[in-house]
Amino acid sequence: MEVEDWSINQILEKTNLTREQIEEKLKKKLEEFPALTREAAIRAVAADSGVILIRRDYKVSDIKEEINHLNLRCSIIRKFEAREVNLRGGRSKILNLIVGDETGQIRVVVWDTNKIAELESSFNEGDEILIINAYSKFSSFSSNFEVNIGKNTLLKMIERRGQAAKEGDNYSRISQINEENKVYRVRGFITRLFTNNTFIVRCRICGKRVDDKCDVHGDKALSKTLMISAVIDDGLSNMKVVFFDRVAEKLLSLSKEGDLRARLNDISFGIYQVEIEAVAKSFNGVLSLTVKDVRPVDYSL
Ligand SMILES: [Zn+2]
């Protein structure tokens, strides 16, 4: 909601005036005091009608001006590592967040050392929070308004949805995967599942992959292996991944008995998030991942 809409709605809510009457009063006010901005005129009309316009709760899309006291209910989309910057007063630590609500996303800059420590230890990406008494400033660096968190700001957890990064957790970006036979840990969404060849058949004697029988050994020693090919996407890039046997079953969370096709259909595109540990393998010069272990990521925990 625009600031102006909010102000006019406040007058509509708290007086018997109609929108037309408010516009009429505004017109008169501006004729009387031509130097007033429309916003100041709205404030004056409100005050004439006994309404004091003090606004605290904002949506991201409303933060298009410098606001001294604002509250924002939002989710933490990204939490960056704190870093040191050079300021006029010397070196100082800052931490940046990207937060969002249903109206958009905005950068949050945290200046206060205690608030940085609090965010580092107790708040994670995915958490829904309430930021109380922050202020907004225009950043010439990003050419956008940013929310600033200082020592008088309060942070309140609304709903803990994020997962703390565990000590020693190191995830690779898919774009960084470049070394054959190296083990990588990746977190991403399964965005495609190839349900055609879900089994591969081998001849146990020579180890060759066959269709229905081995040219040399016939069909006496065939073994069937569950194989699921998929695409994993970490939001920046994607890569083919292959799950075999036990790992494929783990992906599908197959219990003792379970209909594979049905399970495959259950895993909807792009909403199934997993962490995998996988070896990069090269096929015809293209790297793909052979998964060693897979774990679903559940943000609802
Ligand atoms: Zn054979």
# chains A, B, ... in the order shown; residues from 1 in each chain; ligands from 1
$ residues_near_ligand --ligand "ligand 1" --cutoff "12 Å" --atoms "only C-alpha atoms and all ligand atoms" --output "CSV table (one decimal) with C-alpha atoms, in the first residue's frame"
chain,number,residue,atom,x,y,z
A,201,VAL,CA,19.8,-54.7,-16.4
A,202,ARG,CA,23.3,-56.1,-16.2
A,203,CYS,CA,24.8,-59.5,-16.9
A,204,ARG,CA,26.4,-60.5,-13.6
A,205,ILE,CA,29.0,-62.6,-15.3
A,206,CYS,CA,30.6,-60.0,-17.6
A,207,GLY,CA,29.1,-57.0,-15.9
A,208,LYS,CA,27.9,-55.5,-19.2
A,209,ARG,CA,24.7,-53.5,-19.4
A,210,VAL,CA,22.2,-55.4,-21.6
A,211,ASP,CA,18.6,-55.1,-22.7
A,212,ASP,CA,17.0,-58.4,-22.0
A,213,LYS,CA,19.9,-60.9,-22.4
A,214,CYS,CA,23.6,-61.0,-22.7
A,215,ASP,CA,25.0,-61.9,-26.1
A,216,VAL,CA,27.5,-64.3,-24.5
A,217,HIS,CA,25.8,-65.5,-21.3
A,218,GLY,CA,22.1,-65.4,-22.2
A,219,ASP,CA,19.5,-64.4,-19.6
A,220,LYS,CA,20.7,-66.7,-16.8
A,221,ALA,CA,22.7,-64.2,-14.8
A,222,LEU,CA,20.8,-60.9,-15.1
A,223,SER,CA,20.6,-58.4,-12.3
$ select_by_dssp --residues "segment 43-86 of chain A" --states "helix (DSSP H, G or I)" --output "list in words"
Arg43, Ala44, Val45, Ala46, Ala47, Asp48, Val60, Ser61 and Asp62 of chain A
$ select_by_dssp --residues "segment 34-167 of chain A" --states "strand (DSSP E)" --output "ChimeraX atom specification"
/A:57-58,70-79,83-87,90-101,104-110,128-139,144-149,154-159
$ atom_distance --atom1 "atom CA of Arg187 of chain A" --atom2 "atom CA of Leu289 of chain A"
12.6 Å
$ residues_around --residues "Gly150 of chain A" --least-positions-apart "5" --cutoff "8 Å" --atoms "only C-alpha atoms" --output "MDAnalysis selection string"
chainID A and resid 110:112 115 134
$ closest_atom_pairs --of "segment 151-198 of chain A" --to "segment 228-237 of chain A" --cutoff "10 Å" --atoms "only C-alpha atoms" --output "Markdown table"
| residue | atom | partner | partner_atom | distance |
| --- | --- | --- | --- | --- |
| A:Ser172 | CA | A:Asp234 | CA | 9.5 |
| A:Arg173 | CA | A:Asp234 | CA | 7.1 |
| A:Ile174 | CA | A:Ser237 | CA | 6.1 |
| A:Ser175 | CA | A:Ser237 | CA | 6.2 |
| A:Gln176 | CA | A:Ser237 | CA | 9.8 |
| A:Val186 | CA | A:Asp234 | CA | 7.8 |
| A:Arg187 | CA | A:Asp234 | CA | 6.4 |
| A:Gly188 | CA | A:Asp234 | CA | 4.2 |
| A:Phe189 | CA | A:Asp233 | CA | 5.2 |
| A:Ile190 | CA | A:Ile232 | CA | 4.6 |
| A:Thr191 | CA | A:Val231 | CA | 5.7 |
| A:Arg192 | CA | A:Val231 | CA | 5.0 |
| A:Leu193 | CA | A:Ala230 | CA | 4.3 |
| A:Phe194 | CA | A:Ser229 | CA | 5.4 |
| A:Thr195 | CA | A:Ile228 | CA | 7.2 |
| A:Asn196 | CA | A:Ile228 | CA | 8.9 |
| A:Asn197 | CA | A:Ile228 | CA | 7.6 |
| A:Thr198 | CA | A:Ile228 | CA | 5.4 |
$ closest_residue --among "A:Arg83, A:Arg73, A:Lys182, A:Lys250" --to "Thr290 of chain A" --atoms "only C-alpha atoms"
A:Lys182
$ atom_distance --atom1 "atom CA of Ser122 of chain A" --atom2 "atom CA of Arg160 of chain A"
9.6 Å
$ residues_around --residues "Leu70 of chain A" --least-positions-apart "3" --cutoff "8 Å" --atoms "only C-alpha atoms" --output "list in words"
Arg55, Arg56, Asp57, Tyr58, Ile67, Ile132, Asn133, Ala134, Tyr135 and Ser136 of chain A
$ closest_residue --among "A:Ala44, A:Ile106, A:Leu87, A:Val242" --to "Lys64 of chain A" --atoms "only C-alpha atoms"
A:Ile106
$ atom_distance --atom1 "atom CA of Arg43 of chain A" --atom2 "atom CA of Ser7 of chain A"
7.7 Å
$ decode --residues "segment 128-147 of chain A" --atoms "N, CA and C atoms" --output "PDB file, in the first residue's frame"
ATOM      1  N   GLU A 128      10.543 -16.624   9.869  1.00  0.00           N
ATOM      2  CA  GLU A 128       9.679 -15.456   9.754  1.00  0.00           C
ATOM      3  C   GLU A 128       9.888 -14.616  11.005  1.00  0.00           C
ATOM      4  N   ILE A 129      10.175 -13.346  10.802  1.00  0.00           N
ATOM      5  CA  ILE A 129      10.537 -12.497  11.937  1.00  0.00           C
ATOM      6  C   ILE A 129       9.775 -11.180  11.918  1.00  0.00           C
ATOM      7  N   LEU A 130       9.818 -10.512  13.051  1.00  0.00           N
ATOM      8  CA  LEU A 130       9.273  -9.160  13.137  1.00  0.00           C
ATOM      9  C   LEU A 130      10.431  -8.231  13.503  1.00  0.00           C
ATOM     10  N   ILE A 131      10.649  -7.250  12.649  1.00  0.00           N
ATOM     11  CA  ILE A 131      11.673  -6.246  12.915  1.00  0.00           C
ATOM     12  C   ILE A 131      10.940  -5.033  13.481  1.00  0.00           C
ATOM     13  N   ILE A 132      11.301  -4.654  14.701  1.00  0.00           N
ATOM     14  CA  ILE A 132      10.591  -3.559  15.363  1.00  0.00           C
ATOM     15  C   ILE A 132      11.521  -2.369  15.529  1.00  0.00           C
ATOM     16  N   ASN A 133      11.032  -1.225  15.125  1.00  0.00           N
ATOM     17  CA  ASN A 133      11.771   0.034  15.277  1.00  0.00           C
ATOM     18  C   ASN A 133      13.098   0.056  14.516  1.00  0.00           C
ATOM     19  N   ALA A 134      12.998  -0.242  13.240  1.00  0.00           N
ATOM     20  CA  ALA A 134      14.139  -0.039  12.350  1.00  0.00           C
ATOM     21  C   ALA A 134      13.917   1.279  11.603  1.00  0.00           C
ATOM     22  N   TYR A 135      14.830   1.640  10.737  1.00  0.00           N
ATOM     23  CA  TYR A 135      14.612   2.834   9.920  1.00  0.00           C
ATOM     24  C   TYR A 135      15.059   2.541   8.493  1.00  0.00           C
ATOM     25  N   SER A 136      14.530   3.323   7.561  1.00  0.00           N
ATOM     26  CA  SER A 136      14.922   3.092   6.172  1.00  0.00           C
ATOM     27  C   SER A 136      15.737   4.267   5.667  1.00  0.00           C
ATOM     28  N   LYS A 137      16.671   3.946   4.799  1.00  0.00           N
ATOM     29  CA  LYS A 137      17.543   4.973   4.216  1.00  0.00           C
ATOM     30  C   LYS A 137      17.779   4.632   2.764  1.00  0.00           C
ATOM     31  N   PHE A 138      17.998   5.661   1.979  1.00  0.00           N
ATOM     32  CA  PHE A 138      18.316   5.417   0.583  1.00  0.00           C
ATOM     33  C   PHE A 138      19.800   5.082   0.485  1.00  0.00           C
ATOM     34  N   SER A 139      20.101   4.037  -0.259  1.00  0.00           N
ATOM     35  CA  SER A 139      21.495   3.681  -0.457  1.00  0.00           C
ATOM     36  C   SER A 139      21.899   4.054  -1.869  1.00  0.00           C
ATOM     37  N   SER A 140      22.875   4.950  -1.964  1.00  0.00           N
ATOM     38  CA  SER A 140      23.320   5.346  -3.297  1.00  0.00           C
ATOM     39  C   SER A 140      24.090   4.196  -3.944  1.00  0.00           C
ATOM     40  N   PHE A 141      24.561   3.285  -3.099  1.00  0.00           N
ATOM     41  CA  PHE A 141      25.294   2.122  -3.603  1.00  0.00           C
ATOM     42  C   PHE A 141      24.374   1.185  -4.375  1.00  0.00           C
ATOM     43  N   SER A 142      23.214   0.896  -3.787  1.00  0.00           N
ATOM     44  CA  SER A 142      22.295  -0.032  -4.457  1.00  0.00           C
ATOM     45  C   SER A 142      21.183   0.702  -5.197  1.00  0.00           C
ATOM     46  N   SER A 143      21.135   2.062  -5.046  1.00  0.00           N
ATOM     47  CA  SER A 143      20.065   2.870  -5.656  1.00  0.00           C
ATOM     48  C   SER A 143      18.679   2.418  -5.206  1.00  0.00           C
ATOM     49  N   ASN A 144      18.615   1.983  -3.966  1.00  0.00           N
ATOM     50  CA  ASN A 144      17.337   1.532  -3.419  1.00  0.00           C
ATOM     51  C   ASN A 144      17.242   1.918  -1.954  1.00  0.00           C
ATOM     52  N   PHE A 145      16.017   1.892  -1.442  1.00  0.00           N
ATOM     53  CA  PHE A 145      15.869   2.071  -0.011  1.00  0.00           C
ATOM     54  C   PHE A 145      16.218   0.765   0.683  1.00  0.00           C
ATOM     55  N   GLU A 146      16.876   0.903   1.833  1.00  0.00           N
ATOM     56  CA  GLU A 146      17.243  -0.273   2.622  1.00  0.00           C
ATOM     57  C   GLU A 146      16.741  -0.082   4.047  1.00  0.00           C
ATOM     58  N   VAL A 147      16.459  -1.201   4.689  1.00  0.00           N
ATOM     59  CA  VAL A 147      16.060  -1.148   6.089  1.00  0.00           C
ATOM     60  C   VAL A 147      17.333  -1.260   6.924  1.00  0.00           C
TER      61      VAL A 147
END
